[in-house]
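Note sheet for the following structure.
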Amino acid sequence: MPDLMVMLTALLIGGTAGIASGLFGIGGGIIIVPMLIFFLKFSSSKAIGTSLTSMLLPVGILAVMKYYKAGDVDLKVGLAIAAGIFVTAFFGAKLGLSLGNVWVTRGFGILLLLVSLKLIFS
């Protein structure tokens, strides 16, 4: 795929993830990773690494500000989660890279299935 098409596809993926992030609080794992795999033919590990890179700075600051103004942000809990992510994401990345693409992709699929079933039947 030509570079311009790759960049336009990446912008569309980012836009989709931004809408999903603001709407549902999701983006990286459920939107960006599968779209990078399906549309740009990335390996699972490259998709995960690229997704993490894309969220490194923006992480939805404008959406967070909107929710904060509406009184729907618990800063203490959010910062505690951020600290947990900061400390453990390294180990998750190390484990994911050691397992390989097939097992990470299957594990991700199982996670999505379980979450979907929980949402459907709750």
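Residues in the structure tokens are named by chain (A, B, ... in the order shown) and by number from 1 within that chain; ligands are numbered from 1 in the order shown.
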
Item to check | alpha helix (DSSP H) residues, from DSSP on the backbone, in chain A, as a ChimeraX atom specification | outcome: /A:3-24,33-39,44-55,61-69,75-99,101-121

Sorted by chain and rising residue number, which residues of region 26-98 of chain A lie within 10 Å of region 103-112 of chain A, and what are their closest atom pairs and distances in Å to one decimal, counting only C-alpha atoms, as a Markdown table?
```
| residue | atom | partner | partner_atom | distance |
| --- | --- | --- | --- | --- |
| A:Gly29 | CA | A:Phe108 | CA | 8.5 |
| A:Ile30 | CA | A:Leu112 | CA | 7.8 |
| A:Val33 | CA | A:Phe108 | CA | 9.9 |
| A:Pro34 | CA | A:Thr105 | CA | 9.4 |
| A:Ile37 | CA | A:Thr105 | CA | 9.9 |
| A:Ser43 | CA | A:Thr105 | CA | 9.2 |
| A:Ser44 | CA | A:Thr105 | CA | 6.3 |
| A:Ser45 | CA | A:Val104 | CA | 8.0 |
| A:Ile48 | CA | A:Val104 | CA | 9.9 |
| A:Leu95 | CA | A:Val104 | CA | 9.3 |
| A:Gly96 | CA | A:Val104 | CA | 6.2 |
| A:Leu97 | CA | A:Val104 | CA | 8.4 |
| A:Ser98 | CA | A:Val104 | CA | 9.5 |
```

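Distances here use only C-alpha atoms; by that measure, the residue among A:Thr88, A:Ile120, A:Val64, A:Lys46 closest to Gly100 (chain A) is A:Lys46.
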
Next on the checklist: Which residues are close to region 5-21 of chain A, i.e. within 7 Å by only C-alpha atoms, leaving aside same-chain residues fewer than 5 positions away? Reply as JSON, numbers by chain.
Outcome noted: {"A": [26, 27, 31, 32, 35]}

Just to be explicit: take each residue in the selection above, keep N, CA and C atoms, and write the result as an mmCIF file, in the first residue's frame.
```cif
data_model
loop_
_atom_site.group_PDB
_atom_site.id
_atom_site.type_symbol
_atom_site.label_atom_id
_atom_site.label_comp_id
_atom_site.auth_asym_id
_atom_site.auth_seq_id
_atom_site.Cartn_x
_atom_site.Cartn_y
_atom_site.Cartn_z
ATOM 1 N N ILE A 26 -13.005 3.203 25.124
ATOM 2 C CA ILE A 26 -12.169 2.156 24.536
ATOM 3 C C ILE A 26 -11.378 2.742 23.377
ATOM 4 N N GLY A 27 -10.490 1.991 22.832
ATOM 5 C CA GLY A 27 -9.771 2.467 21.662
ATOM 6 C C GLY A 27 -8.629 1.573 21.247
ATOM 7 N N ILE A 31 -10.170 -1.346 19.149
ATOM 8 C CA ILE A 31 -10.337 -0.677 17.863
ATOM 9 C C ILE A 31 -9.033 -0.655 17.064
ATOM 10 N N ILE A 32 -8.008 -0.051 17.624
ATOM 11 C CA ILE A 32 -6.783 0.193 16.860
ATOM 12 C C ILE A 32 -6.076 -1.102 16.485
ATOM 13 N N MET A 35 -7.869 -3.120 13.709
ATOM 14 C CA MET A 35 -7.870 -2.395 12.441
ATOM 15 C C MET A 35 -6.484 -2.374 11.805
#
```
